[in-house]
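**Student:** Below is a structure I'd like to ask you about.
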Amino acid sequence: MNKLILGRYFPGDSLIHQLDARAKLTSAIYFIVILFLANNWQTYLLLAVFTILVMFLTNVRLRIYIRGVRPLIWLILFTVCLQILFTSGGKIYFSWGPITISHFGLINGFYIFCRFVMIIFISTVVTFTTKPMDLTDGINFLLQPLRKLKVPVDEFSLMLSIALRFVPTLLDETQKIMDAQRARGVVFGEGSLVRQMKTLVPIFIPLFTSSLNRSEEMANAMEVRGYQSGKPRSSYRQRKWQLKDTVSLVIMFILTFSLLVLRT
Amino acid sequence: MAMQITFTDVSADYVVGPIRNENVLHSINLTIKPGTITAIIGHTGAGKTSLLRCMNGLLLPKTGQIQVGKYQITPHIDQRQTLNKIRQHVGMVFQFPESQLFAETVEKDICFGPLNFGVSLTEAQKRAKQTLQLVGLNQDILQQSPFSLSGGQKRRVAIAGVLATNPKVLILDEPGAGLDPDGKQTIYTLLTRLNREAGMTIILVTHDMNDVAQYADEAIVMQNGQVVSQTGVRELFSLNKQLEDWHLDLPDALRFQKRIERETGVNLPYPCLTVDELADALIKAGLV
């Protein structure tokens with residue numbers, strides 16, 4: 001449970017923290033899109049420098065970013081291996097049936113690795129520096145056009161913010177229930193796989209019952225205070241679009257332009 | 001046979017998920033005598049629950065050591081084997097223990113603990129019947145789902161689930177929280193009986209000074225992760241000045257006694273902790 005770095009917020013007052021959630025979200029998504037424009041070492045270098053600069057600006061330690069990559073490392077390595085083994089072209093170092101390790105394969109594998117790591121880093125920059133509530137607020141704003149297609153955007157973002165709000169509560173609850181069952185002699189993480197799975201039952205059932213009870217209570221509390229789905233709601237939090245937010249978008253455009261110039 | 005719990009220079013951190021609070025417990029030294037009822041009091045965040053969790057190895061000390069009977073909890077204990085033996089002897093009832101119920105029937109839930117500690121199924125079922133009787137519930141709910149019971153019943157089933165492991169020490173985190181006066185009374189009567197008849201050591205956290213005055217023998221006061229006082233209950237409530245510093249209330253009877261003393265100018269011979277004591281003292285002093 002200590003590995004839950006992805007999606008956490010680190011309080012701070014850095015330049016990146018001060019940006020509007022909408023600016024950060026758009027820039028991050030935009031960055032992931034233009035990442036696919038890169039196709040040679042110059043462009044990758046440019047993006048890597050940009051990513052490291054942004055990470056540096058957040059004042060969050062590099063160690064924490066790297067911990068965020070760790071849970072995904074096997075997925076990344078798996079994709080990289082596929083790239084290396086099944087891309088042909090250039091000088092061939094090793095060949096066996098359909099599997100070849102070629103010059104292009106190695107380069108491509110390395111690029112894919114960089115791409116993955118940069119995507120994770122940039123998205124963690126957003127979650128590290130944005131309060132969950134601001135984030136869902138921003139998502140809500142960006143999804144507004146979908147309302148024309150009758151997508152329940154407000155309900156969706158409310159669900160998201162409730163889910164985020166209850167992550168620490170559930171974590172706490174899980175810990176308590178695990179402790180309670182431990183006190184009754186359950187030993188977690190020991191014995192055969194089947195045995196270990198059996199020890200999960202006494203955790204999950206109480207967790208589910210309490211979650212269901214809590215959601216029922218929460219729904220009642222919301223209704224009592226006048227919540228109705230589908231009705232427009234005003235917001236207590238004001239979003240402020242500042243000059244820095246515009247500047248951040250302009251920087252993204254400059255980045256795109258340089259990529260277009262540098263790519264082959 | 002009795003188990004004495006001794007803390008020597010214990011400090012500990014509180015860790016939930018990615019959050020770590022340094023030194024929720026700080027150089028704790030204390031001894032809990034076997035066969036007593038000890039109340040741990042103090043404000044929210046004073047480290048009461050952490051202290052309880054240390055006693056059966058759910059929270060490991062960062063430094064120092066805890067002696068539980070013949071077992072020792074040290075920062076680098078070989079976790080599973082020793083801790084499980086300690087937990088067999090030190091039963092723990094958490095705050096709102098009804099949230100730990102999970103089995104299809106009350107019987108299966110109560111048997112869960114004993115079975116985990118290697119008791120045979122027939123023995124566990126026998127214990128389920130006994131403990132259910134002990135907590136004052138009817139045998140015919142054995143085959144019912146624990147989720148169909150009332151709040152007070154659920155709590156008693158949960159306590160039965162811990163008692164069924166035959167602990168020598170019972171630790172409870174606010175056993176009365178969220179119950180009506182009757183339910184609370186039943187639980188405390190049960191605890192007193194377990195203590196007097198079976199000689200069980202009972203350690204409990206509570207916020208209610210009336211409970212402390214009425215049921216406990218000893219009291220441990222905690223503040224900012226440290227033990228600031230460990231005394232007999234009667235002694236504790238005569239520490240007028242300190243009680244004020246610790247922001248602790250007085251039991252109702254004692255508060256009433258002080259008011260009577262202030263308004264009549266008569267000083268009663270000793271501080272009274274319960275209503276009965278107060279009545280006796282008033283008769284003796286000739287005020288009634």
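So you can find residues: chains in the structure tokens are A, B, ... in the order shown, residues in each start at 1, and ligands are numbered from 1 in order.
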I need the contact residues of chain A against chain B, so if you could list those with any atom within 10 Å, counting only C-alpha atoms, and return them as a VMD selection string, that would help.
**Tutor:** chain A and resid 1 to 5 8 168 171 to 190 201 to 210
**Student:** Write the residues you've just listed into a file as a PDB file, in the first residue's frame, and include C-alpha atoms for each of them.
**Tutor:**
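result-v5.pdb, written as the output of this step:
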```pdb
ATOM      1  CA  MET A   1       0.000   0.000   0.000  1.00  0.00           C
ATOM      2  CA  ASN A   2       3.003   2.235   0.394  1.00  0.00           C
ATOM      3  CA  LYS A   3       3.447   2.230  -3.362  1.00  0.00           C
ATOM      4  CA  LEU A   4       0.416   4.401  -3.931  1.00  0.00           C
ATOM      5  CA  ILE A   5       2.314   7.312  -5.436  1.00  0.00           C
ATOM      6  CA  ARG A   8      -1.231  11.681  -4.996  1.00  0.00           C
ATOM      7  CA  PRO A 168      -7.670   7.939   2.063  1.00  0.00           C
ATOM      8  CA  LEU A 171      -7.119   3.131   2.954  1.00  0.00           C
ATOM      9  CA  ASP A 172      -7.620   3.879   6.619  1.00  0.00           C
ATOM     10  CA  GLU A 173     -10.550   1.505   6.828  1.00  0.00           C
ATOM     11  CA  THR A 174      -8.629  -1.295   5.119  1.00  0.00           C
ATOM     12  CA  GLN A 175      -5.801  -0.862   7.575  1.00  0.00           C
ATOM     13  CA  LYS A 176      -8.199  -1.040  10.503  1.00  0.00           C
ATOM     14  CA  ILE A 177      -9.968  -4.141   9.252  1.00  0.00           C
ATOM     15  CA  MET A 178      -6.661  -5.833   8.477  1.00  0.00           C
ATOM     16  CA  ASP A 179      -5.509  -5.054  12.003  1.00  0.00           C
ATOM     17  CA  ALA A 180      -8.726  -6.398  13.473  1.00  0.00           C
ATOM     18  CA  GLN A 181      -8.417  -9.681  11.569  1.00  0.00           C
ATOM     19  CA  ARG A 182      -4.709  -9.891  12.372  1.00  0.00           C
ATOM     20  CA  ALA A 183      -5.630  -9.612  16.023  1.00  0.00           C
ATOM     21  CA  ARG A 184      -7.878 -12.635  15.435  1.00  0.00           C
ATOM     22  CA  GLY A 185      -4.919 -14.619  14.166  1.00  0.00           C
ATOM     23  CA  VAL A 186      -4.923 -14.046  10.403  1.00  0.00           C
ATOM     24  CA  VAL A 187      -1.418 -14.003   8.966  1.00  0.00           C
ATOM     25  CA  PHE A 188      -1.268 -12.110   5.688  1.00  0.00           C
ATOM     26  CA  GLY A 189       1.200 -12.983   2.959  1.00  0.00           C
ATOM     27  CA  GLU A 190       2.019 -16.478   4.132  1.00  0.00           C
ATOM     28  CA  VAL A 201     -12.316 -12.629   2.256  1.00  0.00           C
ATOM     29  CA  PRO A 202     -12.349 -11.310   5.847  1.00  0.00           C
ATOM     30  CA  ILE A 203     -11.041  -7.993   4.547  1.00  0.00           C
ATOM     31  CA  PHE A 204     -13.177  -7.487   1.486  1.00  0.00           C
ATOM     32  CA  ILE A 205     -16.571  -8.384   2.904  1.00  0.00           C
ATOM     33  CA  PRO A 206     -16.390  -5.872   5.784  1.00  0.00           C
ATOM     34  CA  LEU A 207     -14.923  -3.323   3.384  1.00  0.00           C
ATOM     35  CA  PHE A 208     -17.768  -3.772   0.917  1.00  0.00           C
ATOM     36  CA  THR A 209     -20.472  -3.630   3.576  1.00  0.00           C
ATOM     37  CA  SER A 210     -19.073  -0.467   5.078  1.00  0.00           C
TER      38      SER A 210
END
```
**Student:** Please list as a PyMOL selection string every residue within 9 Å of Thr26 (chain A), counting only C-alpha atoms and excluding residues in the same chain fewer than 5 positions away.
**Tutor:** chain A and resi 21+31+142+249
**Student:** Distance CA of Ser120 (chain B)-CA of Gly199 (chain B), one decimal place?
**Tutor:**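 Those two atoms sit 25.0 Å apart.
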**Student:** So, with only C-alpha atoms as the atoms that count, which of B:Cys111, B:Ile37, B:Leu268, B:Thr274 lies closest to Tyr188 (chain B)?
**Tutor:**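 Comparing B:Cys111, B:Ile37, B:Leu268, B:Thr274 against Tyr188 (chain B), the winner is B:Ile37.
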**Student:** Which of region 28-217 of chain A counts as strand (DSSP E) under DSSP, as a list in words please?
**Tutor:**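 Here are the strand (DSSP E) residues of region 28-217 of chain A: Ile92, Tyr93, Phe94, Ser95, Trp96, Ile99, Thr100, Ile101 and Ser102 of chain A.
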**Student:** Go ahead and dump the residues you just picked, C-alpha atoms, as a PDB file, in the first residue's frame.
**Tutor:**
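Contents of out05.pdb, as written:
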```
ATOM      1  CA  ILE A  92      21.076  -7.373 -37.619  1.00  0.00           C
ATOM      2  CA  TYR A  93      22.799  -8.564 -34.460  1.00  0.00           C
ATOM      3  CA  PHE A  94      20.821 -11.716 -33.772  1.00  0.00           C
ATOM      4  CA  SER A  95      18.226 -13.691 -35.688  1.00  0.00           C
ATOM      5  CA  TRP A  96      16.121 -16.751 -34.832  1.00  0.00           C
ATOM      6  CA  ILE A  99      12.688 -12.955 -33.915  1.00  0.00           C
ATOM      7  CA  THR A 100      15.489 -10.581 -34.788  1.00  0.00           C
ATOM      8  CA  ILE A 101      17.431  -8.098 -32.782  1.00  0.00           C
ATOM      9  CA  SER A 102      18.318  -5.320 -35.160  1.00  0.00           C
TER      10      SER A 102
END
```
**Student:** Residues near Leu51 (chain B), anyone? I mean within 10 Å using only C-alpha atoms, not counting same-chain ones fewer than 2 positions away, as a list in words.
**Tutor:**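 Within the cut-off, the hits are Phe7, Val10, Ser11, Ala12, Val24, Leu25, Ile28, Ile40, Ala46, Gly47, Lys48, Thr49, Arg53, Cys54, Met55, Asn56, Leu59, Pro61, Val205, Met222, Gly225, Gln226 and Val227 of chain B.
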**Student:** Quick one: pull the distance between CA of Phe116 (chain A) and CA of Ser88 (chain A), Å, one decimal.
**Tutor:**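 Distance between the two atoms: 21.3 Å.
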**Student:** Please identify the alpha helix (DSSP H) residues within region 21-245 of chain A (assignment by DSSP from backbone atoms) and present them as a ChimeraX atom specification.
**Tutor:** /A:21-34,41-57,62-69,73-86,103-129,132-143,153-165,167-183,193-198,201-224,243-245
**Student:** Show me, as a ChimeraX atom specification, the residues that have an atom within 10 Å of Asn40 (chain A) when counting only C-alpha atoms, minus same-chain residues fewer than 5 positions from it.
**Tutor:** /A:45,107-108,111,259,262-264
**Student:** Using Å and a single decimal, report how far CA of Leu60 (chain B) sits from CA of Ile77 (chain B).
**Tutor:**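 Atom-to-atom, CA of Ile77 (chain B) to CA of Leu60 (chain B), that is 8.5 Å.
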